[in-house]
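A quick write-up on the structure given underneath.
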Amino acid sequence: MQGESDTVDLTALSPGECREHLKQLIVNTALQFGDFTLASGKQSNYYIDCRPVVLSGEGAYCLARCIIDLLGEDDIGAVGGMAVGAVPIAGAVAAVAASMRIEMDAFYVRKEPKGHGMGRQVEGTLSGGTRVAMVEDTVTTGGSTLQAIEALKRECDVEIVTVVVMVDRQEGAAEAFAQAGHDYRAIFTVEDLGVIRNS
């Protein structure tokens, strides 16, 4: 456990400092170089697992601050995305926003509608016309987020303003979101993290 003298006062960081701190957390705890076989069967010279960052208090706080900063004056009423990856992110954003006196709730989208009770696929209180931002830790093609958006459109009368991700693997997500007509913002690309991708 870190001593108090080693602990960074996260609340004192500027938006730029918070982003840089988040970058270092990702590089130090989430990014590995080598020869990896991805779930798709594709070979990669790097692997990134952002769960250690997102599930740490320090990482969750810095990511939430970066997302809130990116959303700026967009008047977003709720943030969320596909379970399970977006759940801790949305919760952190809602909590940090509340500490900054910004009203911003969280929601999440199940992979499938619930098999009992109300049978919902979207969990969270979303009133009609709410302006929402979709969030995710990493994206490759953007497919799961686009599925979450479709489910959200089916169940809720909301306005999807933007998609915000922590790390873009630069393998087609930006193009997919653009083709679907969605604004898209990435805090980092893998190249920002020092990755030179396989050609």
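In the structure tokens, chains take letters A, B, ... by order of appearance, with residues numbered from 1 within each chain and ligands from 1 in the order shown.
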
- request: Using only C-alpha atoms, determine which residues lie at most 7 Å from Cys62 of chain A, disregarding the query and same-chain residues fewer than 4 positions distant; provide the list as a PyMOL selection string.
  value: chain A and resi 18-19+22+58+66

Each segment 5-54 of chain A residue no farther than 12 Å from segment 153-173 of chain A, nearest pair in Å, only C-alpha atoms, as a Markdown table:
```
| residue | atom | partner | partner_atom | distance |
| --- | --- | --- | --- | --- |
| A:Arg19 | CA | A:Met166 | CA | 10.2 |
| A:Leu22 | CA | A:Met166 | CA | 9.4 |
| A:Lys23 | CA | A:Met166 | CA | 9.5 |
| A:Leu25 | CA | A:Met166 | CA | 11.9 |
| A:Ile26 | CA | A:Val167 | CA | 9.3 |
| A:Val27 | CA | A:Val167 | CA | 11.3 |
| A:Ala30 | CA | A:Val167 | CA | 10.8 |
| A:Leu31 | CA | A:Val167 | CA | 10.9 |
| A:Lys42 | CA | A:Glu171 | CA | 11.9 |
| A:Ser44 | CA | A:Arg169 | CA | 11.1 |
| A:Tyr46 | CA | A:Arg169 | CA | 10.3 |
| A:Tyr47 | CA | A:Arg169 | CA | 10.0 |
| A:Ile48 | CA | A:Arg169 | CA | 9.0 |
| A:Asp49 | CA | A:Val167 | CA | 10.3 |
| A:Cys50 | CA | A:Val167 | CA | 8.6 |
| A:Arg51 | CA | A:Met166 | CA | 11.4 |
| A:Val53 | CA | A:Met166 | CA | 10.4 |
| A:Val54 | CA | A:Met166 | CA | 9.6 |
```

Could you please take those selected residues and save C-alpha atoms as a tab-separated table (two decimals), in the first residue's frame?
```tsv
chain	number	residue	atom	x	y	z
A	19	ARG	CA	-4.79	13.06	-18.97
A	22	LEU	CA	-3.99	8.44	-17.00
A	23	LYS	CA	-1.62	7.81	-19.91
A	25	LEU	CA	-1.26	4.40	-15.70
A	26	ILE	CA	-2.21	2.76	-19.01
A	27	VAL	CA	1.41	2.39	-20.15
A	30	ALA	CA	-2.34	-2.14	-19.18
A	31	LEU	CA	0.06	-2.26	-22.13
A	42	LYS	CA	-5.27	-12.19	-35.51
A	44	SER	CA	-0.58	-8.57	-32.69
A	46	TYR	CA	1.03	-5.63	-28.43
A	47	TYR	CA	-1.77	-6.38	-25.99
A	48	ILE	CA	-3.77	-3.91	-23.98
A	49	ASP	CA	-5.99	-4.83	-21.03
A	50	CYS	CA	-7.47	-1.69	-19.52
A	51	ARG	CA	-9.33	-3.42	-16.69
A	53	VAL	CA	-6.73	0.87	-14.93
A	54	VAL	CA	-10.51	1.22	-14.99
```

- prompt: Just how far from atom CA of Ala60 of chain A is atom CA of Ala92 of chain A, in Å to one decimal?
  reply: 6.0 Å

task: List the neighbours of segment 84-91 of chain A out to 10 Å using only C-alpha atoms; skip same-chain residues closer than 6 positions along the sequence, and give me the result as a PyMOL selection string.
output: chain A and resi 50-51+54-56+59-61+63-64+67+78+97+104-111+133-138+145+165-166

query: Of the residues A:Gln43, A:Thr125, A:Thr11, A:Ser99, which is the one nearest to Gly80 of chain A, using only C-alpha atoms?
result: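 Once distances to Gly80 of chain A are computed over only C-alpha atoms, the minimum belongs to A:Thr125.
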
query: A:Glu17, A:Gly81, A:Arg197, A:Asp183: which is nearest Ile149 of chain A, counting only C-alpha atoms?
result: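 The answer is A:Gly81, which sits nearest to Ile149 of chain A.
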
Give me every alpha helix (DSSP H) residue in segment 7-83 of chain A, going by DSSP on the backbone, as a PDB file with N, CA and C atoms, in the first residue's frame.
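Output file states17.pdb follows:
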```
ATOM      1  N   PRO A  15      -6.858  19.441 -16.112  1.00  0.00           N
ATOM      2  CA  PRO A  15      -7.297  18.449 -17.107  1.00  0.00           C
ATOM      3  C   PRO A  15      -6.134  17.839 -17.882  1.00  0.00           C
ATOM      4  N   GLY A  16      -5.171  18.659 -18.275  1.00  0.00           N
ATOM      5  CA  GLY A  16      -4.015  18.145 -19.014  1.00  0.00           C
ATOM      6  C   GLY A  16      -3.159  17.224 -18.171  1.00  0.00           C
ATOM      7  N   GLU A  17      -2.954  17.585 -16.902  1.00  0.00           N
ATOM      8  CA  GLU A  17      -2.176  16.737 -15.996  1.00  0.00           C
ATOM      9  C   GLU A  17      -2.889  15.422 -15.720  1.00  0.00           C
ATOM     10  N   CYS A  18      -4.214  15.483 -15.610  1.00  0.00           N
ATOM     11  CA  CYS A  18      -5.007  14.282 -15.368  1.00  0.00           C
ATOM     12  C   CYS A  18      -4.887  13.330 -16.558  1.00  0.00           C
ATOM     13  N   ARG A  19      -4.937  13.880 -17.771  1.00  0.00           N
ATOM     14  CA  ARG A  19      -4.791  13.058 -18.971  1.00  0.00           C
ATOM     15  C   ARG A  19      -3.409  12.405 -19.005  1.00  0.00           C
ATOM     16  N   GLU A  20      -2.380  13.153 -18.676  1.00  0.00           N
ATOM     17  CA  GLU A  20      -1.018  12.608 -18.680  1.00  0.00           C
ATOM     18  C   GLU A  20      -0.860  11.525 -17.615  1.00  0.00           C
ATOM     19  N   HIS A  21      -1.481  11.731 -16.467  1.00  0.00           N
ATOM     20  CA  HIS A  21      -1.421  10.732 -15.392  1.00  0.00           C
ATOM     21  C   HIS A  21      -2.126   9.452 -15.832  1.00  0.00           C
ATOM     22  N   LEU A  22      -3.268   9.600 -16.493  1.00  0.00           N
ATOM     23  CA  LEU A  22      -3.992   8.436 -17.001  1.00  0.00           C
ATOM     24  C   LEU A  22      -3.148   7.696 -18.036  1.00  0.00           C
ATOM     25  N   LYS A  23      -2.482   8.434 -18.894  1.00  0.00           N
ATOM     26  CA  LYS A  23      -1.619   7.813 -19.908  1.00  0.00           C
ATOM     27  C   LYS A  23      -0.542   6.961 -19.250  1.00  0.00           C
ATOM     28  N   GLN A  24       0.081   7.489 -18.210  1.00  0.00           N
ATOM     29  CA  GLN A  24       1.134   6.732 -17.521  1.00  0.00           C
ATOM     30  C   GLN A  24       0.574   5.479 -16.854  1.00  0.00           C
ATOM     31  N   LEU A  25      -0.627   5.573 -16.304  1.00  0.00           N
ATOM     32  CA  LEU A  25      -1.257   4.401 -15.697  1.00  0.00           C
ATOM     33  C   LEU A  25      -1.494   3.318 -16.747  1.00  0.00           C
ATOM     34  N   ILE A  26      -1.951   3.722 -17.934  1.00  0.00           N
ATOM     35  CA  ILE A  26      -2.207   2.755 -19.007  1.00  0.00           C
ATOM     36  C   ILE A  26      -0.896   2.098 -19.450  1.00  0.00           C
ATOM     37  N   VAL A  27       0.118   2.912 -19.682  1.00  0.00           N
ATOM     38  CA  VAL A  27       1.408   2.392 -20.154  1.00  0.00           C
ATOM     39  C   VAL A  27       2.019   1.449 -19.108  1.00  0.00           C
ATOM     40  N   ASN A  28       1.897   1.808 -17.838  1.00  0.00           N
ATOM     41  CA  ASN A  28       2.535   1.025 -16.770  1.00  0.00           C
ATOM     42  C   ASN A  28       1.783  -0.245 -16.399  1.00  0.00           C
ATOM     43  N   THR A  29       0.444  -0.239 -16.545  1.00  0.00           N
ATOM     44  CA  THR A  29      -0.325  -1.376 -16.032  1.00  0.00           C
ATOM     45  C   THR A  29      -1.171  -2.121 -17.062  1.00  0.00           C
ATOM     46  N   ARG A  51      -8.603  -3.168 -17.934  1.00  0.00           N
ATOM     47  CA  ARG A  51      -9.331  -3.424 -16.685  1.00  0.00           C
ATOM     48  C   ARG A  51      -8.560  -3.023 -15.432  1.00  0.00           C
ATOM     49  N   PRO A  52      -7.242  -3.298 -15.352  1.00  0.00           N
ATOM     50  CA  PRO A  52      -6.522  -2.863 -14.145  1.00  0.00           C
ATOM     51  C   PRO A  52      -6.566  -1.351 -13.931  1.00  0.00           C
ATOM     52  N   VAL A  53      -6.650  -0.593 -15.033  1.00  0.00           N
ATOM     53  CA  VAL A  53      -6.729   0.872 -14.930  1.00  0.00           C
ATOM     54  C   VAL A  53      -8.127   1.302 -14.505  1.00  0.00           C
ATOM     55  N   VAL A  54      -9.123   0.806 -15.220  1.00  0.00           N
ATOM     56  CA  VAL A  54     -10.508   1.222 -14.988  1.00  0.00           C
ATOM     57  C   VAL A  54     -11.015   0.792 -13.613  1.00  0.00           C
ATOM     58  N   GLY A  57      -9.084   2.855  -8.232  1.00  0.00           N
ATOM     59  CA  GLY A  57      -9.659   4.155  -7.884  1.00  0.00           C
ATOM     60  C   GLY A  57      -8.982   5.292  -8.622  1.00  0.00           C
ATOM     61  N   GLU A  58      -7.661   5.224  -8.706  1.00  0.00           N
ATOM     62  CA  GLU A  58      -6.874   6.269  -9.365  1.00  0.00           C
ATOM     63  C   GLU A  58      -7.202   6.353 -10.847  1.00  0.00           C
ATOM     64  N   GLY A  59      -7.226   5.194 -11.501  1.00  0.00           N
ATOM     65  CA  GLY A  59      -7.520   5.162 -12.929  1.00  0.00           C
ATOM     66  C   GLY A  59      -8.942   5.587 -13.234  1.00  0.00           C
ATOM     67  N   ALA A  60      -9.890   5.093 -12.429  1.00  0.00           N
ATOM     68  CA  ALA A  60     -11.293   5.439 -12.649  1.00  0.00           C
ATOM     69  C   ALA A  60     -11.512   6.937 -12.509  1.00  0.00           C
ATOM     70  N   TYR A  61     -10.877   7.544 -11.499  1.00  0.00           N
ATOM     71  CA  TYR A  61     -11.033   8.984 -11.283  1.00  0.00           C
ATOM     72  C   TYR A  61     -10.457   9.775 -12.466  1.00  0.00           C
ATOM     73  N   CYS A  62      -9.234   9.428 -12.868  1.00  0.00           N
ATOM     74  CA  CYS A  62      -8.598  10.173 -13.964  1.00  0.00           C
ATOM     75  C   CYS A  62      -9.363  10.002 -15.273  1.00  0.00           C
ATOM     76  N   LEU A  63      -9.834   8.789 -15.542  1.00  0.00           N
ATOM     77  CA  LEU A  63     -10.605   8.564 -16.754  1.00  0.00           C
ATOM     78  C   LEU A  63     -11.899   9.366 -16.729  1.00  0.00           C
ATOM     79  N   ALA A  64     -12.570   9.351 -15.588  1.00  0.00           N
ATOM     80  CA  ALA A  64     -13.820  10.111 -15.468  1.00  0.00           C
ATOM     81  C   ALA A  64     -13.583  11.600 -15.707  1.00  0.00           C
ATOM     82  N   ARG A  65     -12.529  12.130 -15.116  1.00  0.00           N
ATOM     83  CA  ARG A  65     -12.202  13.544 -15.318  1.00  0.00           C
ATOM     84  C   ARG A  65     -11.941  13.846 -16.786  1.00  0.00           C
ATOM     85  N   CYS A  66     -11.211  12.957 -17.470  1.00  0.00           N
ATOM     86  CA  CYS A  66     -10.902  13.165 -18.886  1.00  0.00           C
ATOM     87  C   CYS A  66     -12.173  13.130 -19.732  1.00  0.00           C
ATOM     88  N   ILE A  67     -13.075  12.211 -19.409  1.00  0.00           N
ATOM     89  CA  ILE A  67     -14.326  12.117 -20.162  1.00  0.00           C
ATOM     90  C   ILE A  67     -15.170  13.369 -19.947  1.00  0.00           C
ATOM     91  N   ILE A  68     -15.287  13.796 -18.696  1.00  0.00           N
ATOM     92  CA  ILE A  68     -16.067  15.006 -18.391  1.00  0.00           C
ATOM     93  C   ILE A  68     -15.477  16.217 -19.113  1.00  0.00           C
ATOM     94  N   ASP A  69     -14.153  16.289 -19.155  1.00  0.00           N
ATOM     95  CA  ASP A  69     -13.487  17.395 -19.847  1.00  0.00           C
ATOM     96  C   ASP A  69     -13.777  17.339 -21.346  1.00  0.00           C
ATOM     97  N   LEU A  70     -13.738  16.140 -21.937  1.00  0.00           N
ATOM     98  CA  LEU A  70     -14.015  16.000 -23.366  1.00  0.00           C
ATOM     99  C   LEU A  70     -15.458  16.374 -23.706  1.00  0.00           C
ATOM    100  N   LEU A  71     -16.371  16.067 -22.779  1.00  0.00           N
ATOM    101  CA  LEU A  71     -17.787  16.360 -23.034  1.00  0.00           C
ATOM    102  C   LEU A  71     -18.076  17.854 -22.950  1.00  0.00           C
TER     103      LEU A  71
END
```

- request: Go ahead and compute the interatomic distance for atom CA of Leu38 of chain A and atom CA of Val139 of chain A, in Å to one decimal.
  value: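 That distance, rounded to one decimal, is 13.5 Å.
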
- request: From the DSSP assignment of the backbone, select every residue of segment 9-196 of chain A that is strand (DSSP E), and format the answer as a PyMOL selection string.
  value: chain A and resi 31-37+43-48+78-82+105-109+122-123+131-139+159-168+184-189

message: I need the residue nearest Val132 of chain A from this list: A:Ala83, A:Leu10, A:Leu152, A:Val190. Use only C-alpha atoms for the distance.
response: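 Result for the nearest residue to Val132 of chain A: A:Leu152.
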
- request: Between A:Glu103, A:Glu73, A:Glu191, A:Glu112, single out the one closest to Glu150 of chain A, counting only C-alpha atoms.
  value: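 Under the stated criterion, the closest residue is A:Glu112.
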
query: Which is closest to Arg120 of chain A among A:Ala151, A:His182, A:Val96, A:Gly41, if we use only C-alpha atoms?
result: A:Ala151
